[in-house]
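Okay, so here's the structure we're looking at.
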There are 2 protein chains.
Amino acid sequence: MERQAADYRTLSSLKNALHALKCFTPEDPELGITQIADKLGLSKSTVHRVMTTLAEEGFVRRDEQTHRYRLGLSVLSLGGIIMSNLEICREGQHLLEEFVNRFDETVHLAVLEDYATVYVSKLECKHPVQIATHLGRKNPLHCTSSGKVILAYQDSTVIDEVIRRGLRAMTPNTITHPDILRQLLSQIRKDGYAFSQSELREGVHSVAAPVRDYTRQVIGAVTAVGPAARFTPEKMKSLAKTLVSISKEISHRLGYYERTR
Amino acid sequence: MERQAADYRTLSSLKNALHALKCFTPEDPELGITQIADKLGLSKSTVHRVMTTLAEEGFVRRDEQTHRYRLGLSVLSLGGIIMSNLEICREGQHLLEEFVNRFDETVHLAVLEDYATVYVSKLECKHPVQIATHLGRKNPLHCTSSGKVILAYQDSTVIDEVIRRGLRAMTPNTITHPDILRQLLSQIRKDGYAFSQSELREGVHSVAAPVRDYTRQVIGAVTAVGPAARFTPEKMKSLAKTLVSISKEISHRLGYYERTR
DNA sequence: AATCTTGTTTCTCTATGCGGAACAGCGCGA
DNA sequence: TCGCGCTGTTCCGCATAGAGAAACAAGATT
């Protein structure tokens with residue numbers, strides 16, 4: 001019976017439950033016991049007990065018809081708490097709104113988490129063509145504009161680690177060569193913003209500018225995303241200009257002050 | 001050692017963890033081990049193990065300075081998944097935006113869950129005076145406009161149960177008498193919308209209209225909230241009119257069609 | 001109707017996760 | 001400055017909670 005190395009400091013049963021929760025995705029929002037059990041390599045009975053408990057606490061909902069599960073509103077509540085307490089969200093919200101009103105393009109706030117960018121706030125444009133992203137989504141650092149702009153200002157050990165983990169090609173445009181990435185990051189530091197042109201998904205472009213906190217560290221990015229057709233180089237430059245000024249404003253509200261030199 | 005009645009179908013350790021997560025609130029977003037242990041009546045060691053596991057999976061974040069915990073981004077991700085899959089949110093978003101643009105008042109989408117209204121979507125107005133609510137927040141049914149309008153259309157067994165559980169007075173304005181509530185609900189069914197005037201919190205008024213799904217059941221409500229000073233009776237009536245038309249539009253998008261009689 | 005599926009329940013056994021207590025690392029105040 | 005009182009963390013031993021296998025029930029699909 002091979003179990004995972006029993007670590008005295010963690011709870012394996014809880015881990016199972018958390019993994020079960022993570023099985024739910026926007027593409028796959030409704031799951032059955034067997035499905036989850038297979039994904040996690042656990043027995044049906046175990047998963048059943050896990051799901052029953054999660055359901056009891058409102059973290060998942062059991063559909064009485066199909067006997068399958070969906071995420072419950074308790075997680076929404078927790079998400080709300082996070083949102084209202086992530087400073088960067090609070091401070092950025094209105095500025096993002098202005099941006100959307102002005103350009104009518106979708107914007108995100110993203111932060112660095114565990115060698116990935118996570119979208120912590122999102123404001124959609126009204127355009128018919130929209131890019132499907134969701135709050136909390138993790139994306140690689142090397143092939144997104146937000147990721148690259150955050151990475152550009154991280155300690156070199158972080159950059160090394162990202163490279164060590166491998167620059168996976170998501171599209172033909174993805175930067176996969178370490179040297180080219182390093183060179184680009186250096187350029188991004190000069191420009192103060194980053195582009196991504198179909199590097200994560202074909203036909204999706206984006207622009208991002210860095211957000212700093214009071215420690216002067218870059219902790220996140222504001223980023224506009226849209227279809228390649230609309231995101232011409234000229235437009236992206238113009239967006240970049242506005243994003244940079246927004247990102248500076250957010251940074252100021254987080255206690256950052258520009259160095260007088 | 002009194003433990004909770006050992007139920008073969010649930011995991012007590014998982015329950016502990018979920019309860020721990022629920023300790024976090026917008027008012028109290030950062031908690032220490034001891035604090036949580038006290039709240040839950042568990043030993044520090046147990047909570048410590050729970051939190052370590054939660055942290056490992058990104059459900060909480062440990063602040064390296066203070067050694068206290070905040071909610072992590074994993075829950076945000078789950079919240080995002082819920083949002084993008086709750087039909088009512090998807091369908092309602094744009095309509096709510098229009099409402100805010102027109103009236104500049106905060107609107108929510110609320111659904112019925114476990115004898116409470118839960119806010120599943122929120123769009124804030126730009127007014128300086130804002131009412132602090134957060135996504136996922138549960139409020140009683142008898143003292144909110146969304147709660148009352150949802151309750152009005154529920155099976156009488158639901159109404160009975162709400163009354164049985166007690167109509168707790170939140171303010172001097174809260175309806176605490178069963179008969180008055182029943183009478184009011186009947187009036188709400190005639191009007192097609194509900195008001196709340198300082199019934200949940202002093203100085204906070206709201207208006208709500210019911211949302212139905214394809215089964216014709218009322219499953220939620222659109223509701224506008226604001227300070228009493230701005231929410232005069234005339235204004236509330238005018239808001240109600242718009243909310244009713246929005247709620248009908250959302251209902252249609254959820255597959256509801258008005259009965260031809 | 002027969003045979004796949006599901007999800008649910010029962011059972012048994014041992015590793016797991018519990019609490020208590022010892023340990024460590026602060027900040028505060030005397 | 002030194003300890004005292006908080007924290008959070010680790011250790012340990014015992015009882016039990018939770019893991020899986022397998023039986024069971026209840027729909028689907030043919």
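As shown in the structure tokens, the chain order sets the letters A, B, ...; within each chain, residues go from 1, and ligands are also counted from 1 in the order they appear.
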Mind doing a quick least-squares superposition of chain A onto chain B, all C-alpha atoms paired one-to-one in order, and writing it out as a PDB file with C-alpha atoms, in the first residue's frame?
ATOM      1  CA  MET A   1     -12.925  13.295  25.877  1.00  0.00           C
ATOM      2  CA  GLU A   2     -16.178  14.446  24.370  1.00  0.00           C
ATOM      3  CA  ARG A   3     -15.934  14.275  20.618  1.00  0.00           C
ATOM      4  CA  GLN A   4     -18.705  15.174  18.274  1.00  0.00           C
ATOM      5  CA  ALA A   5     -20.885  12.173  17.561  1.00  0.00           C
ATOM      6  CA  ALA A   6     -18.675  10.126  15.254  1.00  0.00           C
ATOM      7  CA  ASP A   7     -20.519  10.038  11.958  1.00  0.00           C
ATOM      8  CA  TYR A   8     -19.228   7.325   9.719  1.00  0.00           C
ATOM      9  CA  ARG A   9     -19.949   9.393   6.660  1.00  0.00           C
ATOM     10  CA  THR A  10     -18.014  12.544   7.382  1.00  0.00           C
ATOM     11  CA  LEU A  11     -14.413  13.374   8.183  1.00  0.00           C
ATOM     12  CA  SER A  12     -13.943  15.219  11.425  1.00  0.00           C
ATOM     13  CA  SER A  13     -10.451  16.377  10.564  1.00  0.00           C
ATOM     14  CA  LEU A  14     -11.680  17.880   7.332  1.00  0.00           C
ATOM     15  CA  LYS A  15     -14.499  19.558   9.190  1.00  0.00           C
ATOM     16  CA  ASN A  16     -11.971  21.171  11.475  1.00  0.00           C
ATOM     17  CA  ALA A  17     -10.131  22.544   8.495  1.00  0.00           C
ATOM     18  CA  LEU A  18     -13.256  23.918   6.880  1.00  0.00           C
ATOM     19  CA  HIS A  19     -14.293  25.524  10.124  1.00  0.00           C
ATOM     20  CA  ALA A  20     -10.849  27.039  10.367  1.00  0.00           C
ATOM     21  CA  LEU A  21     -11.277  28.557   6.927  1.00  0.00           C
ATOM     22  CA  LYS A  22     -14.615  29.951   7.959  1.00  0.00           C
ATOM     23  CA  CYS A  23     -12.985  31.797  10.826  1.00  0.00           C
ATOM     24  CA  PHE A  24     -11.682  34.327   8.345  1.00  0.00           C
ATOM     25  CA  THR A  25     -13.969  37.290   7.826  1.00  0.00           C
ATOM     26  CA  PRO A  26     -13.570  40.670   6.154  1.00  0.00           C
ATOM     27  CA  GLU A  27     -13.307  42.216   9.596  1.00  0.00           C
ATOM     28  CA  ASP A  28     -10.817  39.630  10.777  1.00  0.00           C
ATOM     29  CA  PRO A  29      -8.748  38.624   7.789  1.00  0.00           C
ATOM     30  CA  GLU A  30      -5.574  37.701   9.640  1.00  0.00           C
ATOM     31  CA  LEU A  31      -5.564  35.058  12.322  1.00  0.00           C
ATOM     32  CA  GLY A  32      -3.042  33.285  14.502  1.00  0.00           C
ATOM     33  CA  ILE A  33      -2.959  29.650  15.496  1.00  0.00           C
ATOM     34  CA  THR A  34      -4.071  30.255  19.036  1.00  0.00           C
ATOM     35  CA  GLN A  35      -6.886  32.516  17.952  1.00  0.00           C
ATOM     36  CA  ILE A  36      -8.295  29.863  15.646  1.00  0.00           C
ATOM     37  CA  ALA A  37      -7.751  27.117  18.191  1.00  0.00           C
ATOM     38  CA  ASP A  38      -9.709  29.086  20.756  1.00  0.00           C
ATOM     39  CA  LYS A  39     -12.533  29.853  18.377  1.00  0.00           C
ATOM     40  CA  LEU A  40     -12.914  26.225  17.408  1.00  0.00           C
ATOM     41  CA  GLY A  41     -12.119  24.699  20.749  1.00  0.00           C
ATOM     42  CA  LEU A  42      -9.285  22.635  19.343  1.00  0.00           C
ATOM     43  CA  SER A  43      -5.745  22.139  20.500  1.00  0.00           C
ATOM     44  CA  LYS A  44      -3.014  24.324  19.099  1.00  0.00           C
ATOM     45  CA  SER A  45      -1.196  21.366  17.636  1.00  0.00           C
ATOM     46  CA  THR A  46      -4.233  20.274  15.692  1.00  0.00           C
ATOM     47  CA  VAL A  47      -4.840  23.706  14.269  1.00  0.00           C
ATOM     48  CA  HIS A  48      -1.191  24.045  13.467  1.00  0.00           C
ATOM     49  CA  ARG A  49      -1.252  20.885  11.383  1.00  0.00           C
ATOM     50  CA  VAL A  50      -4.412  22.002   9.655  1.00  0.00           C
ATOM     51  CA  MET A  51      -2.995  25.386   8.775  1.00  0.00           C
ATOM     52  CA  THR A  52       0.278  23.944   7.553  1.00  0.00           C
ATOM     53  CA  THR A  53      -1.592  21.722   5.148  1.00  0.00           C
ATOM     54  CA  LEU A  54      -3.868  24.520   4.011  1.00  0.00           C
ATOM     55  CA  ALA A  55      -0.838  26.708   3.443  1.00  0.00           C
ATOM     56  CA  GLU A  56       0.904  24.020   1.451  1.00  0.00           C
ATOM     57  CA  GLU A  57      -2.037  23.896  -0.908  1.00  0.00           C
ATOM     58  CA  GLY A  58      -2.334  27.655  -1.182  1.00  0.00           C
ATOM     59  CA  PHE A  59      -5.632  27.952   0.645  1.00  0.00           C
ATOM     60  CA  VAL A  60      -4.037  30.154   3.250  1.00  0.00           C
ATOM     61  CA  ARG A  61      -0.884  32.211   3.331  1.00  0.00           C
ATOM     62  CA  ARG A  62       1.435  32.361   6.289  1.00  0.00           C
ATOM     63  CA  ASP A  63       2.880  35.766   6.925  1.00  0.00           C
ATOM     64  CA  GLU A  64       6.584  35.225   7.523  1.00  0.00           C
ATOM     65  CA  GLN A  65       6.837  38.232   9.813  1.00  0.00           C
ATOM     66  CA  THR A  66       3.927  37.788  12.129  1.00  0.00           C
ATOM     67  CA  HIS A  67       3.460  34.032  11.661  1.00  0.00           C
ATOM     68  CA  ARG A  68      -0.211  34.650  11.253  1.00  0.00           C
ATOM     69  CA  TYR A  69      -2.417  33.442   8.455  1.00  0.00           C
ATOM     70  CA  ARG A  70      -4.511  35.015   5.701  1.00  0.00           C
ATOM     71  CA  LEU A  71      -6.632  33.367   3.081  1.00  0.00           C
ATOM     72  CA  GLY A  72      -4.650  32.289   0.036  1.00  0.00           C
ATOM     73  CA  LEU A  73      -5.255  32.625  -3.629  1.00  0.00           C
ATOM     74  CA  SER A  74      -6.444  29.069  -4.149  1.00  0.00           C
ATOM     75  CA  VAL A  75      -9.790  30.044  -2.705  1.00  0.00           C
ATOM     76  CA  LEU A  76      -9.908  32.960  -5.098  1.00  0.00           C
ATOM     77  CA  SER A  77      -9.449  30.553  -7.924  1.00  0.00           C
ATOM     78  CA  LEU A  78     -12.316  28.406  -6.729  1.00  0.00           C
ATOM     79  CA  GLY A  79     -14.446  31.503  -6.307  1.00  0.00           C
ATOM     80  CA  GLY A  80     -13.697  32.464  -9.882  1.00  0.00           C
ATOM     81  CA  ILE A  81     -14.789  29.074 -11.089  1.00  0.00           C
ATOM     82  CA  ILE A  82     -18.065  29.396  -9.274  1.00  0.00           C
ATOM     83  CA  MET A  83     -18.680  32.842 -10.667  1.00  0.00           C
ATOM     84  CA  SER A  84     -18.057  31.798 -14.225  1.00  0.00           C
ATOM     85  CA  ASN A  85     -20.390  28.863 -13.832  1.00  0.00           C
ATOM     86  CA  LEU A  86     -23.260  30.262 -11.884  1.00  0.00           C
ATOM     87  CA  GLU A  87     -25.658  30.917 -14.704  1.00  0.00           C
ATOM     88  CA  ILE A  88     -27.353  33.681 -12.847  1.00  0.00           C
ATOM     89  CA  CYS A  89     -24.068  35.603 -12.563  1.00  0.00           C
ATOM     90  CA  ARG A  90     -23.146  35.169 -16.181  1.00  0.00           C
ATOM     91  CA  GLU A  91     -26.527  36.288 -17.371  1.00  0.00           C
ATOM     92  CA  GLY A  92     -26.917  39.113 -14.948  1.00  0.00           C
ATOM     93  CA  GLN A  93     -23.558  40.847 -15.134  1.00  0.00           C
ATOM     94  CA  HIS A  94     -24.198  43.171 -18.048  1.00  0.00           C
ATOM     95  CA  LEU A  95     -27.654  44.095 -16.914  1.00  0.00           C
ATOM     96  CA  LEU A  96     -26.307  45.050 -13.531  1.00  0.00           C
ATOM     97  CA  GLU A  97     -23.670  47.169 -15.208  1.00  0.00           C
ATOM     98  CA  GLU A  98     -26.325  49.064 -17.082  1.00  0.00           C
ATOM     99  CA  PHE A  99     -28.185  49.622 -13.869  1.00  0.00           C
ATOM    100  CA  VAL A 100     -25.152  51.050 -12.123  1.00  0.00           C
ATOM    101  CA  ASN A 101     -24.399  53.299 -15.069  1.00  0.00           C
ATOM    102  CA  ARG A 102     -27.927  54.607 -15.017  1.00  0.00           C
ATOM    103  CA  PHE A 103     -28.601  55.058 -11.314  1.00  0.00           C
ATOM    104  CA  ASP A 104     -25.151  54.942  -9.804  1.00  0.00           C
ATOM    105  CA  GLU A 105     -26.316  52.781  -6.961  1.00  0.00           C
ATOM    106  CA  THR A 106     -24.777  49.528  -5.761  1.00  0.00           C
ATOM    107  CA  VAL A 107     -26.540  46.376  -6.948  1.00  0.00           C
ATOM    108  CA  HIS A 108     -26.262  42.738  -5.954  1.00  0.00           C
ATOM    109  CA  LEU A 109     -27.416  39.432  -7.230  1.00  0.00           C
ATOM    110  CA  ALA A 110     -28.501  37.214  -4.378  1.00  0.00           C
ATOM    111  CA  VAL A 111     -29.539  33.586  -4.252  1.00  0.00           C
ATOM    112  CA  LEU A 112     -31.265  31.402  -1.689  1.00  0.00           C
ATOM    113  CA  GLU A 113     -28.963  29.107   0.235  1.00  0.00           C
ATOM    114  CA  ASP A 114     -29.640  27.319   3.442  1.00  0.00           C
ATOM    115  CA  TYR A 115     -32.324  29.693   4.738  1.00  0.00           C
ATOM    116  CA  ALA A 116     -30.288  32.789   3.938  1.00  0.00           C
ATOM    117  CA  THR A 117     -29.616  35.101   1.029  1.00  0.00           C
ATOM    118  CA  VAL A 118     -26.120  34.976  -0.349  1.00  0.00           C
ATOM    119  CA  TYR A 119     -24.696  37.713  -2.525  1.00  0.00           C
ATOM    120  CA  VAL A 120     -23.206  36.084  -5.580  1.00  0.00           C
ATOM    121  CA  SER A 121     -22.460  39.190  -7.577  1.00  0.00           C
ATOM    122  CA  LYS A 122     -21.894  42.787  -6.715  1.00  0.00           C
ATOM    123  CA  LEU A 123     -21.382  45.980  -8.612  1.00  0.00           C
ATOM    124  CA  GLU A 124     -20.482  49.058  -6.675  1.00  0.00           C
ATOM    125  CA  CYS A 125     -21.507  52.585  -7.346  1.00  0.00           C
ATOM    126  CA  LYS A 126     -19.042  55.421  -7.188  1.00  0.00           C
ATOM    127  CA  HIS A 127     -20.799  57.303  -4.459  1.00  0.00           C
ATOM    128  CA  PRO A 128     -18.662  58.197  -1.502  1.00  0.00           C
ATOM    129  CA  VAL A 129     -21.147  56.612   0.894  1.00  0.00           C
ATOM    130  CA  GLN A 130     -20.985  52.913   0.416  1.00  0.00           C
ATOM    131  CA  ILE A 131     -22.494  50.043   2.223  1.00  0.00           C
ATOM    132  CA  ALA A 132     -20.004  47.422   3.243  1.00  0.00           C
ATOM    133  CA  THR A 133     -21.061  44.058   1.930  1.00  0.00           C
ATOM    134  CA  HIS A 134     -19.017  41.296   0.416  1.00  0.00           C
ATOM    135  CA  LEU A 135     -19.444  38.509  -2.036  1.00  0.00           C
ATOM    136  CA  GLY A 136     -20.660  35.315  -0.471  1.00  0.00           C
ATOM    137  CA  ARG A 137     -22.064  37.098   2.534  1.00  0.00           C
ATOM    138  CA  LYS A 138     -25.079  35.419   4.104  1.00  0.00           C
ATOM    139  CA  ASN A 139     -27.914  37.500   5.466  1.00  0.00           C
ATOM    140  CA  PRO A 140     -31.194  36.479   7.112  1.00  0.00           C
ATOM    141  CA  LEU A 141     -34.254  36.182   4.916  1.00  0.00           C
ATOM    142  CA  HIS A 142     -36.702  38.127   7.028  1.00  0.00           C
ATOM    143  CA  CYS A 143     -34.895  41.441   7.240  1.00  0.00           C
ATOM    144  CA  THR A 144     -33.472  42.000   3.763  1.00  0.00           C
ATOM    145  CA  SER A 145     -35.326  42.986   0.638  1.00  0.00           C
ATOM    146  CA  SER A 146     -33.716  40.190  -1.344  1.00  0.00           C
ATOM    147  CA  GLY A 147     -34.511  37.706   1.387  1.00  0.00           C
ATOM    148  CA  LYS A 148     -38.115  38.746   1.637  1.00  0.00           C
ATOM    149  CA  VAL A 149     -38.711  38.776  -2.082  1.00  0.00           C
ATOM    150  CA  ILE A 150     -37.215  35.307  -2.432  1.00  0.00           C
ATOM    151  CA  LEU A 151     -39.062  34.026   0.593  1.00  0.00           C
ATOM    152  CA  ALA A 152     -42.359  35.414  -0.671  1.00  0.00           C
ATOM    153  CA  TYR A 153     -42.342  32.952  -3.547  1.00  0.00           C
ATOM    154  CA  GLN A 154     -41.106  29.886  -1.679  1.00  0.00           C
ATOM    155  CA  ASP A 155     -43.178  26.949  -0.606  1.00  0.00           C
ATOM    156  CA  SER A 156     -45.070  27.648   2.604  1.00  0.00           C
ATOM    157  CA  THR A 157     -42.996  25.004   4.382  1.00  0.00           C
ATOM    158  CA  VAL A 158     -39.952  27.192   3.810  1.00  0.00           C
ATOM    159  CA  ILE A 159     -41.733  30.209   5.236  1.00  0.00           C
ATOM    160  CA  ASP A 160     -42.839  28.166   8.220  1.00  0.00           C
ATOM    161  CA  GLU A 161     -39.295  26.989   8.803  1.00  0.00           C
ATOM    162  CA  VAL A 162     -37.926  30.523   8.663  1.00  0.00           C
ATOM    163  CA  ILE A 163     -40.464  31.580  11.250  1.00  0.00           C
ATOM    164  CA  ARG A 164     -39.778  28.523  13.367  1.00  0.00           C
ATOM    165  CA  ARG A 165     -36.100  29.423  13.403  1.00  0.00           C
ATOM    166  CA  GLY A 166     -37.022  32.781  14.804  1.00  0.00           C
ATOM    167  CA  LEU A 167     -37.241  36.291  13.410  1.00  0.00           C
ATOM    168  CA  ARG A 168     -34.320  37.873  15.150  1.00  0.00           C
ATOM    169  CA  ALA A 169     -34.486  41.626  15.619  1.00  0.00           C
ATOM    170  CA  MET A 170     -31.456  43.209  14.003  1.00  0.00           C
ATOM    171  CA  THR A 171     -32.735  46.773  14.367  1.00  0.00           C
ATOM    172  CA  PRO A 172     -35.881  48.344  15.805  1.00  0.00           C
ATOM    173  CA  ASN A 173     -37.326  48.117  12.293  1.00  0.00           C
ATOM    174  CA  THR A 174     -36.890  44.388  11.862  1.00  0.00           C
ATOM    175  CA  ILE A 175     -40.118  42.504  11.383  1.00  0.00           C
ATOM    176  CA  THR A 176     -40.271  40.040  14.225  1.00  0.00           C
ATOM    177  CA  HIS A 177     -43.898  39.084  14.261  1.00  0.00           C
ATOM    178  CA  PRO A 178     -44.843  36.055  12.131  1.00  0.00           C
ATOM    179  CA  ASP A 179     -48.270  37.382  11.169  1.00  0.00           C
ATOM    180  CA  ILE A 180     -46.931  40.714  10.009  1.00  0.00           C
ATOM    181  CA  LEU A 181     -44.263  38.938   7.993  1.00  0.00           C
ATOM    182  CA  ARG A 182     -46.806  36.665   6.335  1.00  0.00           C
ATOM    183  CA  GLN A 183     -48.998  39.598   5.495  1.00  0.00           C
ATOM    184  CA  LEU A 184     -46.066  41.499   4.062  1.00  0.00           C
ATOM    185  CA  LEU A 185     -44.975  38.532   1.959  1.00  0.00           C
ATOM    186  CA  SER A 186     -48.437  38.389   0.508  1.00  0.00           C
ATOM    187  CA  GLN A 187     -48.204  42.085  -0.352  1.00  0.00           C
ATOM    188  CA  ILE A 188     -44.783  41.475  -1.948  1.00  0.00           C
ATOM    189  CA  ARG A 189     -46.295  38.799  -4.170  1.00  0.00           C
ATOM    190  CA  LYS A 190     -48.834  41.374  -5.322  1.00  0.00           C
ATOM    191  CA  ASP A 191     -46.254  44.103  -5.886  1.00  0.00           C
ATOM    192  CA  GLY A 192     -43.595  41.914  -7.422  1.00  0.00           C
ATOM    193  CA  TYR A 193     -40.834  43.585  -5.420  1.00  0.00           C
ATOM    194  CA  ALA A 194     -39.752  44.133  -1.814  1.00  0.00           C
ATOM    195  CA  PHE A 195     -38.287  46.910   0.290  1.00  0.00           C
ATOM    196  CA  SER A 196     -36.157  46.877   3.380  1.00  0.00           C
ATOM    197  CA  GLN A 197     -35.911  50.059   5.392  1.00  0.00           C
ATOM    198  CA  SER A 198     -33.271  49.799   8.088  1.00  0.00           C
ATOM    199  CA  GLU A 199     -34.432  46.296   8.908  1.00  0.00           C
ATOM    200  CA  LEU A 200     -31.002  44.684   8.837  1.00  0.00           C
ATOM    201  CA  ARG A 201     -28.804  47.624   9.618  1.00  0.00           C
ATOM    202  CA  GLU A 202     -29.760  51.074  10.775  1.00  0.00           C
ATOM    203  CA  GLY A 203     -29.695  53.583   7.949  1.00  0.00           C
ATOM    204  CA  VAL A 204     -29.422  51.020   5.175  1.00  0.00           C
ATOM    205  CA  HIS A 205     -32.316  50.630   2.754  1.00  0.00           C
ATOM    206  CA  SER A 206     -32.749  48.274  -0.151  1.00  0.00           C
ATOM    207  CA  VAL A 207     -35.080  47.203  -2.940  1.00  0.00           C
ATOM    208  CA  ALA A 208     -35.264  43.786  -4.559  1.00  0.00           C
ATOM    209  CA  ALA A 209     -37.037  41.958  -7.382  1.00  0.00           C
ATOM    210  CA  PRO A 210     -37.288  38.187  -7.871  1.00  0.00           C
ATOM    211  CA  VAL A 211     -35.349  36.100 -10.401  1.00  0.00           C
ATOM    212  CA  ARG A 212     -36.860  32.853 -11.662  1.00  0.00           C
ATOM    213  CA  ASP A 213     -35.281  29.955 -13.486  1.00  0.00           C
ATOM    214  CA  TYR A 214     -36.776  27.711 -16.151  1.00  0.00           C
ATOM    215  CA  THR A 215     -38.696  25.730 -13.541  1.00  0.00           C
ATOM    216  CA  ARG A 216     -40.536  28.973 -12.692  1.00  0.00           C
ATOM    217  CA  GLN A 217     -39.103  28.794  -9.192  1.00  0.00           C
ATOM    218  CA  VAL A 218     -37.777  31.972  -7.645  1.00  0.00           C
ATOM    219  CA  ILE A 219     -34.119  31.213  -7.059  1.00  0.00           C
ATOM    220  CA  GLY A 220     -32.669  34.642  -6.427  1.00  0.00           C
ATOM    221  CA  ALA A 221     -33.087  38.375  -6.548  1.00  0.00           C
ATOM    222  CA  VAL A 222     -31.578  41.543  -7.913  1.00  0.00           C
ATOM    223  CA  THR A 223     -31.269  44.132  -5.244  1.00  0.00           C
ATOM    224  CA  ALA A 224     -30.124  47.731  -4.923  1.00  0.00           C
ATOM    225  CA  VAL A 225     -28.710  48.884  -1.594  1.00  0.00           C
ATOM    226  CA  GLY A 226     -27.963  52.325  -0.281  1.00  0.00           C
ATOM    227  CA  PRO A 227     -28.114  54.790   2.585  1.00  0.00           C
ATOM    228  CA  ALA A 228     -31.505  55.813   3.894  1.00  0.00           C
ATOM    229  CA  ALA A 229     -30.754  59.431   3.126  1.00  0.00           C
ATOM    230  CA  ARG A 230     -30.617  58.728  -0.568  1.00  0.00           C
ATOM    231  CA  PHE A 231     -33.234  55.987  -0.660  1.00  0.00           C
ATOM    232  CA  THR A 232     -36.410  57.997  -0.345  1.00  0.00           C
ATOM    233  CA  PRO A 233     -39.712  56.166  -0.854  1.00  0.00           C
ATOM    234  CA  GLU A 234     -40.119  57.751  -4.303  1.00  0.00           C
ATOM    235  CA  LYS A 235     -36.625  56.791  -5.374  1.00  0.00           C
ATOM    236  CA  MET A 236     -37.105  53.258  -4.106  1.00  0.00           C
ATOM    237  CA  LYS A 237     -40.265  52.912  -6.151  1.00  0.00           C
ATOM    238  CA  SER A 238     -38.493  54.076  -9.236  1.00  0.00           C
ATOM    239  CA  LEU A 239     -35.594  51.696  -8.581  1.00  0.00           C
ATOM    240  CA  ALA A 240     -38.075  48.892  -8.027  1.00  0.00           C
ATOM    241  CA  LYS A 241     -39.532  49.421 -11.466  1.00  0.00           C
ATOM    242  CA  THR A 242     -36.162  49.049 -13.145  1.00  0.00           C
ATOM    243  CA  LEU A 243     -35.123  46.144 -10.933  1.00  0.00           C
ATOM    244  CA  VAL A 244     -38.296  44.304 -11.846  1.00  0.00           C
ATOM    245  CA  SER A 245     -37.571  44.666 -15.533  1.00  0.00           C
ATOM    246  CA  ILE A 246     -33.955  43.588 -15.042  1.00  0.00           C
ATOM    247  CA  SER A 247     -35.012  40.607 -12.981  1.00  0.00           C
ATOM    248  CA  LYS A 248     -37.454  39.593 -15.689  1.00  0.00           C
ATOM    249  CA  GLU A 249     -34.765  39.837 -18.313  1.00  0.00           C
ATOM    250  CA  ILE A 250     -32.420  37.676 -16.257  1.00  0.00           C
ATOM    251  CA  SER A 251     -35.218  35.202 -15.654  1.00  0.00           C
ATOM    252  CA  HIS A 252     -35.824  34.966 -19.382  1.00  0.00           C
ATOM    253  CA  ARG A 253     -32.176  34.261 -19.986  1.00  0.00           C
ATOM    254  CA  LEU A 254     -32.410  31.475 -17.436  1.00  0.00           C
ATOM    255  CA  GLY A 255     -35.168  29.940 -19.526  1.00  0.00           C
ATOM    256  CA  TYR A 256     -38.168  31.397 -17.788  1.00  0.00           C
ATOM    257  CA  TYR A 257     -41.069  32.460 -19.906  1.00  0.00           C
ATOM    258  CA  GLU A 258     -43.977  34.432 -18.587  1.00  0.00           C
ATOM    259  CA  ARG A 259     -47.205  32.527 -18.500  1.00  0.00           C
ATOM    260  CA  THR A 260     -49.710  33.603 -21.117  1.00  0.00           C
ATOM    261  CA  ARG A 261     -52.951  33.869 -19.304  1.00  0.00           C
TER     262      ARG A 261
END
Open item on the list: Based on the backbone DSSP call, show me all residues of region 74-216 of chain B assigned alpha helix (DSSP H), as a PyMOL selection string.
Closed with: chain B and resi 74-85+87-103+145-152+156-165+178-191
Open item on the list: Could you list, as a PyMOL selection string, every residue within 10 Å of DT5 (chain C), counting only C-alpha atoms (C1' of nucleotides) and ignoring same-chain residues fewer than 4 positions away?
Closed with: chain D and resi 27-29
Go ahead and write the residues just picked, N, CA and C atoms (P, O5', C5', C4', C3', O3' and C1' of nucleotides), as a JSON list (two decimals), in the first residue's frame.
[["chain", "number", "residue", "atom", "x", "y", "z"],
["D", 27, "DG", "P", -33.41, 5.38, -8.38],
["D", 27, "DG", "O5'", -33.83, 5.02, -9.88],
["D", 27, "DG", "C5'", -32.91, 4.39, -10.71],
["D", 27, "DG", "C4'", -31.92, 5.39, -11.30],
["D", 27, "DG", "C3'", -32.17, 5.71, -12.73],
["D", 27, "DG", "O3'", -31.48, 6.91, -13.10],
["D", 27, "DG", "C1'", -30.39, 4.17, -12.56],
["D", 28, "DA", "P", -31.61, 7.63, -14.50],
["D", 28, "DA", "O5'", -30.16, 7.49, -15.14],
["D", 28, "DA", "C5'", -30.06, 7.53, -16.53],
["D", 28, "DA", "C4'", -28.98, 6.57, -16.98],
["D", 28, "DA", "C3'", -29.10, 6.27, -18.46],
["D", 28, "DA", "O3'", -27.94, 6.73, -19.10],
["D", 28, "DA", "C1'", -28.83, 4.27, -17.21],
["D", 29, "DT", "P", -27.96, 7.09, -20.62],
["D", 29, "DT", "O5'", -27.44, 5.78, -21.37],
["D", 29, "DT", "C5'", -26.55, 4.87, -20.69],
["D", 29, "DT", "C4'", -26.40, 3.60, -21.54],
["D", 29, "DT", "C3'", -27.00, 3.69, -22.94],
["D", 29, "DT", "O3'", -26.09, 3.13, -23.87],
["D", 29, "DT", "C1'", -27.92, 1.84, -21.80]]
Open item on the list: Please identify all residues of chain D having at least one atom at most 12 Å from any atom of chain B, considering only C-alpha atoms (C1' of nucleotides), and return them as JSON, numbers by chain.
Closed with: {"D": [6, 7, 8, 9, 10, 11, 15, 16, 17, 18, 19]}
